[in-house]
Protein chains: 2
Amino acid sequence: MKVSAQEEYGLRCLLQLASLADEESLTLAQVAEREGISQANAGKLLWILNKAGLVTSTRGTKGGYRLARPATQVRLSEVIKVLDEDVLASHCKSYTGVLDSCVHNGNCGIRPVIVGLHEVVEQALSNITLAQLVGTESKVKTTLYNIHALPRTTTQGRRA
Amino acid sequence: MKVSAQEEYGLRCLLQLASLADEESLTLAQVAEREGISQANAGKLLWILNKAGLVTSTRGTKGGYRLARPATQVRLSEVIKVLDEDVLASHCKSYTGVLDSCVHNGNCGIRPVIVGLHEVVEQALSNITLAQLVGTESKVKTTLYNIHALPRTTTQGRRA
DNA sequence: CGCAATCTTGACTTAAAAGTAAGGTATTCC
DNA sequence: GGAATACCTTACTTTTAAGTCAAGATTGCG
């Protein structure tokens with residue numbers, strides 16, 4: 001169970017846009033530079049987010065990207081779903097071993113766990129908005145603790 | 001956020017062993033056949049589980065695999081951790097873009113979310129034992145609902 | 001108009017995960 | 001003690017996800 005590169009970097013790009021003032025926007029090169037990823041990669045991620053309606057883009061000399069909605073109205077559950085496109089739906093189709101369909105078809109003890117896990121995760125993420133992730137790490141941690149979206153964590157570890 | 005092949009198949013192999021009576025055991029070929037995966041693959045997974053102390057193996061003509069502990073005493077959180085080896089610990093080291101370390105080093109708004117997510121998942125999984133996953137899908141679903149480890153899910157969908 | 005800045009899009013390359021193969025080692029039964 | 005059975009381990013191949021590249025399209029400015 002892990003967070004994919006696309007989820008991580010995609011969310012980070014979005015967060016850059018969330019930290020802007022109204023009417024501001026960032027160019028592809030700026031987002032890439034601020035996140036330490038290549039321009040090509042940032043372009044792909046922002047395109048996915050654009051296609052999904054989370055960001056808007058304008059072309060031309062004064063172009064750039066910005067959030068399609070205020071950061072207070074974008075839930076993390078939606079962001080992750082977009083960057084991840086329906087992992088749950090394809091789960092049982094993917095893990096069929098060497099056969100055409102899963103041997104447990106129609107009667108699988110694991111399935112309720114997988115489904116439940118995704119619901120637990122979505123539930124937790126739906127209580128967090130982009131706006132709540134803008135700021136310092138310690139501030140964010142306090143905010144998340146106060147809304148009880150995630151369990152309290154001890155203050156340790158570094159980075160990002 | 002998805003469940004990897006190794007987690008899925010590894011758990012399924014373990015579940016086969018959990019469904020055995022005392023003193024029974026399964027050979028590699030039997031596990032592979034029952035799960036519809038190749039013998040080579042099952043061997044690798046069982047080796048990981050063996051190394052981690054979750055299953056024991058005996059060689060020779062009457063050999064095979066069995067659980068190292070009763071299924072009632074094996075929590076899913078432990079199983080997943082073994083099959084997944086410390087994704088969390090390596091998260092920030094992995095996603096550094098084109099740089100040597102993450103640009104948010106020491107101050108990352110996303111980190112609390114990632115840490116929290118893994119805790120939410122672990123928390124949910126720690127309330128489930130292998131024994132509770134043996135049986136039909138509908139029975140398992142009922143059991144999970146009763147222990148409130150996972151949120152209730154509507155009865156729909158097939159397989160897994 | 002025409003050039004420069006910027007996003008768009010599909011094909012290609014690279015890196016990581018998953019799965020396979022094969023030879024080695026230990027154990028049991030006769 | 002020998003042969004058959006079955007696990008152990010490393011190296012290799014395949015598949016999939018991640019990331020890059022380059023040509024195309026759109027807009028603003030002089």
# chains A, B, ... in the order shown; residues from 1 in each chain; ligands from 1

call {"tool": "residues_around", "arguments": {"residues": "stretch 138-151 of chain B", "least_positions_apart": "3", "cutoff": "6 Å", "atoms": "only C-alpha atoms (C1' of nucleotides)", "output": "list in words"}}
result
Gly109, Pro112 and Gly116 of chain A; Ala124, Asn127 and Leu133 of chain B

call {"tool": "interface_residues", "arguments": {"of": "chain A", "to": "chain C", "cutoff": "7 Å", "atoms": "only C-alpha atoms (C1' of nucleotides)", "output": "number ranges by chain"}}
result
A: 59-61, 63

call {"tool": "interface_residues", "arguments": {"of": "chain A", "to": "chain D", "cutoff": "12 Å", "atoms": "only C-alpha atoms (C1' of nucleotides)", "output": "PyMOL selection string"}}
result
chain A and resi 4-7+9+37-45+57-64+84+94

call {"tool": "write_last_selection", "arguments": {"atoms": "C-alpha atoms", "output": "CSV table (one decimal), in the first residue's frame"}}
result
chain,number,residue,atom,x,y,z
A,4,SER,CA,2.6,6.5,-6.2
A,5,ALA,CA,5.0,9.0,-7.8
A,6,GLN,CA,2.2,10.5,-9.8
A,7,GLU,CA,0.1,11.1,-6.7
A,9,TYR,CA,4.2,15.0,-7.5
A,37,ILE,CA,11.2,18.1,-11.2
A,38,SER,CA,11.7,18.3,-14.9
A,39,GLN,CA,9.5,20.6,-17.0
A,40,ALA,CA,8.4,17.7,-19.1
A,41,ASN,CA,7.2,15.8,-16.0
A,42,ALA,CA,5.4,18.8,-14.5
A,43,GLY,CA,3.7,19.4,-17.9
A,44,LYS,CA,2.3,15.9,-17.9
A,45,LEU,CA,1.0,16.1,-14.4
A,57,SER,CA,-4.5,26.9,-18.1
A,58,THR,CA,-4.0,29.8,-20.4
A,59,ARG,CA,-1.7,29.8,-23.4
A,60,GLY,CA,0.4,32.5,-24.8
A,61,THR,CA,2.9,35.0,-23.5
A,62,LYS,CA,1.2,35.7,-20.2
A,63,GLY,CA,-0.1,32.2,-19.8
A,64,GLY,CA,0.2,29.8,-16.9
A,84,ASP,CA,-4.7,7.5,-9.7
A,94,SER,CA,-5.3,-7.1,-12.5

call {"tool": "select_by_dssp", "arguments": {"residues": "stretch 26-148 of chain A", "states": "helix (DSSP H, G or I)", "output": "number ranges by chain"}}
result
A: 28-35, 39-51, 71-73, 76-84, 87-94, 111-126, 130-133, 137-147

call {"tool": "closest_residue", "arguments": {"among": "A:Ala21, A:Leu26, A:Ala68, A:Leu88", "to": "chain B", "atoms": "only C-alpha atoms"}}
result
A:Leu88

call {"tool": "closest_atom_pairs", "arguments": {"of": "chain A", "to": "chain B", "cutoff": "7 Å", "atoms": "only C-alpha atoms", "output": "CSV"}}
result
residue,atom,partner,partner_atom,distance
A:Met1,CA,B:Val3,CA,4.6
A:Lys2,CA,B:Met1,CA,5.2
A:Val3,CA,B:Met1,CA,4.6
A:Ser4,CA,B:Met1,CA,6.4
A:Ala5,CA,B:Tyr95,CA,6.7
A:Glu35,CA,B:Val103,CA,6.3
A:Gly36,CA,B:Gly97,CA,5.5
A:Ile37,CA,B:Gly97,CA,4.6
A:Ser38,CA,B:Val98,CA,6.8
A:Val87,CA,B:Lys2,CA,6.5
A:Cys92,CA,B:Ala160,CA,4.9
A:Tyr95,CA,B:Ala5,CA,6.7
A:Gly97,CA,B:Ile37,CA,4.6
A:Val98,CA,B:Ile37,CA,5.4
A:Leu99,CA,B:Gly36,CA,6.2
A:Cys102,CA,B:Ala160,CA,6.6
A:Val103,CA,B:Gly36,CA,6.2
A:His104,CA,B:Ala160,CA,5.9
A:Asn105,CA,B:Arg159,CA,3.9
A:Gly106,CA,B:Arg159,CA,3.7
A:Asn107,CA,B:Glu137,CA,5.0
A:Cys108,CA,B:Glu137,CA,5.0
A:Gly109,CA,B:Glu137,CA,4.7
A:Ile110,CA,B:Leu133,CA,6.7
A:Arg111,CA,B:Ala160,CA,5.0
A:Pro112,CA,B:Lys141,CA,5.8
A:Gly116,CA,B:Leu150,CA,5.4
A:Leu117,CA,B:Val121,CA,6.7
A:Val120,CA,B:Leu150,CA,6.8
A:Val121,CA,B:Leu117,CA,6.7
A:Leu133,CA,B:Gly109,CA,5.2
A:Val134,CA,B:Gly109,CA,6.4
A:Gly135,CA,B:Gly109,CA,6.5
A:Thr136,CA,B:Asn107,CA,5.8
A:Glu137,CA,B:Gly109,CA,4.7
A:Val140,CA,B:Gly109,CA,5.9
A:Lys141,CA,B:Pro112,CA,5.8
A:Leu150,CA,B:Gly116,CA,5.4
A:Pro151,CA,B:Gly116,CA,6.2
A:Arg158,CA,B:Gly106,CA,4.8
A:Arg159,CA,B:Asn105,CA,3.5
A:Ala160,CA,B:Cys108,CA,4.3

call {"tool": "write_last_selection", "arguments": {"atoms": "C-alpha atoms", "output": "PDB file, in the first residue's frame"}}
result
ATOM      1  CA  MET A   1       0.000   0.000   0.000  1.00  0.00           C
ATOM      2  CA  LYS A   2       1.882   3.029  -1.115  1.00  0.00           C
ATOM      3  CA  VAL A   3       1.505   6.456  -2.605  1.00  0.00           C
ATOM      4  CA  SER A   4       2.646   6.510  -6.222  1.00  0.00           C
ATOM      5  CA  ALA A   5       5.003   9.034  -7.759  1.00  0.00           C
ATOM      6  CA  GLU A  35       9.266  21.318  -7.082  1.00  0.00           C
ATOM      7  CA  GLY A  36      12.631  20.188  -8.373  1.00  0.00           C
ATOM      8  CA  ILE A  37      11.182  18.091 -11.167  1.00  0.00           C
ATOM      9  CA  SER A  38      11.658  18.341 -14.895  1.00  0.00           C
ATOM     10  CA  VAL A  87      -7.225   1.638  -8.963  1.00  0.00           C
ATOM     11  CA  CYS A  92      -9.568  -7.750  -9.203  1.00  0.00           C
ATOM     12  CA  TYR A  95      -4.469  -9.780  -9.955  1.00  0.00           C
ATOM     13  CA  GLY A  97      -2.253 -14.755 -11.616  1.00  0.00           C
ATOM     14  CA  VAL A  98      -1.660 -16.776 -14.740  1.00  0.00           C
ATOM     15  CA  LEU A  99      -5.367 -17.272 -15.333  1.00  0.00           C
ATOM     16  CA  CYS A 102      -9.258 -14.573 -10.374  1.00  0.00           C
ATOM     17  CA  VAL A 103      -9.671 -18.015  -8.834  1.00  0.00           C
ATOM     18  CA  HIS A 104     -11.755 -16.455  -6.075  1.00  0.00           C
ATOM     19  CA  ASN A 105     -14.226 -14.989  -8.470  1.00  0.00           C
ATOM     20  CA  GLY A 106     -17.446 -14.253  -6.669  1.00  0.00           C
ATOM     21  CA  ASN A 107     -16.217 -15.428  -3.299  1.00  0.00           C
ATOM     22  CA  CYS A 108     -13.138 -13.760  -1.941  1.00  0.00           C
ATOM     23  CA  GLY A 109     -12.319 -13.096   1.675  1.00  0.00           C
ATOM     24  CA  ILE A 110      -9.803 -10.442   0.755  1.00  0.00           C
ATOM     25  CA  ARG A 111     -12.081  -8.310  -1.322  1.00  0.00           C
ATOM     26  CA  PRO A 112     -13.962  -6.758   1.594  1.00  0.00           C
ATOM     27  CA  GLY A 116     -12.732  -1.264   3.040  1.00  0.00           C
ATOM     28  CA  LEU A 117      -9.177  -0.012   2.951  1.00  0.00           C
ATOM     29  CA  VAL A 120     -10.877   4.284   4.991  1.00  0.00           C
ATOM     30  CA  VAL A 121      -8.347   6.175   2.923  1.00  0.00           C
ATOM     31  CA  LEU A 133      -1.887  21.922   3.422  1.00  0.00           C
ATOM     32  CA  VAL A 134      -0.498  25.322   2.608  1.00  0.00           C
ATOM     33  CA  GLY A 135       2.031  26.501   5.150  1.00  0.00           C
ATOM     34  CA  THR A 136       4.739  25.029   7.324  1.00  0.00           C
ATOM     35  CA  GLU A 137       4.847  21.376   8.211  1.00  0.00           C
ATOM     36  CA  VAL A 140      -0.221  21.599   8.858  1.00  0.00           C
ATOM     37  CA  LYS A 141       0.264  18.881  11.417  1.00  0.00           C
ATOM     38  CA  LEU A 150      -5.848  11.703  10.687  1.00  0.00           C
ATOM     39  CA  PRO A 151      -4.544  10.292  13.932  1.00  0.00           C
ATOM     40  CA  ARG A 158      12.421  15.346   8.589  1.00  0.00           C
ATOM     41  CA  ARG A 159      11.596  16.543   5.164  1.00  0.00           C
ATOM     42  CA  ALA A 160       8.821  16.160   3.015  1.00  0.00           C
TER      43      ALA A 160
END

call {"tool": "atom_distance", "arguments": {"atom1": "atom CA of A:Val74", "atom2": "atom CA of A:Ala29"}}
result
23.8 Å

call {"tool": "atom_distance", "arguments": {"atom1": "atom CA of B:Trp47", "atom2": "atom CA of A:Ser90"}}
result
27.6 Å

call {"tool": "closest_residue", "arguments": {"among": "A:Leu49, A:Ala131, A:Val55, A:Val82", "to": "A:Ser19", "atoms": "only C-alpha atoms"}}
result
A:Ala131
